[in-house]
Amino acid sequence: MAISRRGLLVGGAVGGGLLLAWSIQPRTFPTPLVPGTDEVAFDAWLKIGKDGVITVAVPQLEMGQGVSTILPQVVAMELGADWRQIAVEPAPVSGAYANVPLAGKWSSLWSSLAPDFASELVDRSDDLLAIRYAQENRFNVTADGTSLAAYELPCREAAASVRAMLAMAAAERWDVGWEECEARGGFIISGDRRASFAELAEEAAEFSPPDPPPLYSNAPAEPPSEASLGAAMAFPRLDLPAKVDGTYQFSADIRLPDMVYAAIRHGPIAKAELSRFTKENAYGMRGLVGVVEGKRWLAAVADTWWTAENALDKMAPLFRVTDPVESTSIGELLDEAVRGGEAQRVATRGEGDALMGKPDLALRYDVAPAHHTVLETACATARLIDGTLELWIATQAPEAARHAAAKALDISLANVVLYPMSAGGSFDRRLEVDQAIEVALIAREIGRPVQLIWSRWQEQLQTRPRTPVAALITAKTAEGGSISSLRCRIAAPATNYEFGYRLFDNSTPWSAMERAAGKVDAMAVEGAMPPYDIGNVAVDHVPTQIGLPTGRLRANSHGYTAFFIESFIDEIARRNDREPLSFRMQMLSGDLRLAECLQRTARLANWDGGAEQSGQGVACHRMGTGENSGRIACIATAGPGEGGIRVSKLSAVVDIGRIVNLDIARQQIEGGLVFGLGLALGQQADYVQGLPTAGRIAQLGLPRLADCPEIEVEFVASENAAFDPGELGVAVVAPAVANALFSATGVRFRNLPLLSDGL
């Protein structure tokens, strides 16, 4: 049976009803969008009001990346709507919004926890398994830049179907063929006759859409050649005005009748238990409502958050800690693993390392764990009434948050209602759902609506940082530095399995670490296979237990594998008196898209060959596979500066295939470059006796506004599949800056952050 990857078939769903979706067999879901007064809901994606407003559902967390503009733009362009008519509604959790590409990519993390699916579909393709799992488990997770891959086609198909239905309604009025009508600027037009979407919506809902939907031949795109500085944007961000004037609603902006506020204290990230606290010290505090004691945390609830926080200070909770985490011991464990631990082969090209013999060059690289440094700390609001829990929360994994809260309260999942809120940054931190459990338990004990806000210290204390890594890169070279064999040996925890057990099975961090021990984690070494024409390559993972729970962070493994590969390539070039950029170009006959990025970056940055003391360094990287991939090349200008390193300029050329919204793509690349600069120079998570040494953002060595370099970005015009740009910039900065510093100082930096051992 041929199965379409299309997530849904659009149908008239006025006033509620069922939305039809297909996977292994036809499946139905309650219509997610509920029409308001004078609104018509057509499907899972859009509804049209009599006032002309077209509301588009967005099933992904808006955390600054612009998804609440990108998906509505896709709908507007395919529908033929006026952008000024578009509004956004966060979509409820539903199988209609299954993120199938992400479910497929993460299948190794959930498949062992879903044996019923695996056994039922043992003879079917992985694609069908991912579709079935994602739909039945309401897998609406926002991660890995999959929003366009998962939702662009469903959005286009929904809009095309509604466009056809509107045309049918108009055609019946005018007694013409609906194919003769066109949609433009929010109107259906035929000759000199026109009718607005608003006046046609109710009649249109009575028609059945054509199958397949009549998609426009050209997918939504904004060619970079048409852009100019200062030009008016065709699709400005929908969230920007409210963010500028302060009316945009984040998690901490929720206000409910009779609501109180909770502050919380946790033990160290190790296996800690609340041992004692002096409750009497908080007696008599004005505004204090109550104290809630968890096994591993203590919360105070008051009429203001500040009162609750002060109450916790007075009660001085202490925690009993088992095996506290130490950065020194983490480093020793990784060193032992990379030197002699048992490696598991993850990827091979050609003969792997079979022909390497004694390598000509072997270099060691080390990466410290890194904080997320989100602007908005964890926050959630809960109201429990008559056995039904309502949750207002910013989460990348809404269904996991519902499951965790339901399990904590021992209630049915059907009795947990989640209202998705936007996040003030996430960088994958909001894939964790601890605050949903805590606020649910606090609301039950207090008996009133409660808003829980973590302090900055609690956010730092409880974060699951990006994993620390030790890597040994070895190569066999010929005359002139050409590489015949290359091996990447990477020691790191099975960090993605840890995360998977927490997300999909609600495991505690220490249980997740135990279950993940010894597992080979392909995603922990993703990006280590170089894009260059190296005939024989082997990538090995050495699973390492370090006692520190780790998690996902923007760019994930690409944030360190690009550093290893691009630093190593640069070192080979320098040792063989080769100009670093042309050395790379010579090895890119198999990836002409990346070669073009390199060539154009050289022109953009006035590349001088990385001459001694020039302070210029180059790096490039590729993410994704096949057509669904993106490329970036970056030249950094850097050198010693007051108090450390000064990066004065970053020049980048990017190929992300078809660009849907050029302005947002530019924002994502520029933001990624600055985020990558933060990872290159700071964000290190050091631990002493289980506690992070940095409790405030100011202690993390992040670039301030005055430290931000001049940034110039160009995009390559392309008709390849659209690729999310959010993580490309992050990966390429550290090696570009490290290579620039070598040019400026003659010193090689093989640790991240780059100043780990001083300048």
# chains A, B, ... in the order shown; residues from 1 in each chain; ligands from 1

call {"tool": "residues_around", "arguments": {"residues": "A:Ser161", "least_positions_apart": "3", "cutoff": "8 Å", "atoms": "only C-alpha atoms", "output": "list in words"}}
result
Val10, Glu157, Ala158, Ala164, Met165, Pro209, Pro210, Pro213 and Pro214 of chain A

call {"tool": "residues_around", "arguments": {"residues": "A:Lys358", "least_positions_apart": "3", "cutoff": "12 Å", "atoms": "only C-alpha atoms", "output": "list in words"}}
result
Asp353, Ala354, Leu355, Leu361, Ala362, Thr474, Ala475, Lys476, Thr477, Ser485, Leu486 and Arg487 of chain A

call {"tool": "closest_residue", "arguments": {"among": "A:Ser455, A:Thr37, A:Gln249, A:Gln689", "to": "A:Ala394", "atoms": "only C-alpha atoms"}}
result
A:Gln249

call {"tool": "residues_around", "arguments": {"residues": "stretch 216-224 of chain A", "least_positions_apart": "2", "cutoff": "7 Å", "atoms": "only C-alpha atoms", "output": "ChimeraX atom specification"}}
result
/A:74,77-78,214,226-227,658-662,715,717

call {"tool": "select_by_dssp", "arguments": {"residues": "stretch 16-215 of chain A", "states": "alpha helix (DSSP H)", "output": "ChimeraX atom specification"}}
result
/A:67-79,100-105,107-110,115-120,126-136,147-174,197-204

call {"tool": "residues_around", "arguments": {"residues": "A:Thr328", "least_positions_apart": "4", "cutoff": "10 Å", "atoms": "only C-alpha atoms", "output": "ChimeraX atom specification"}}
result
/A:332-333,686-688
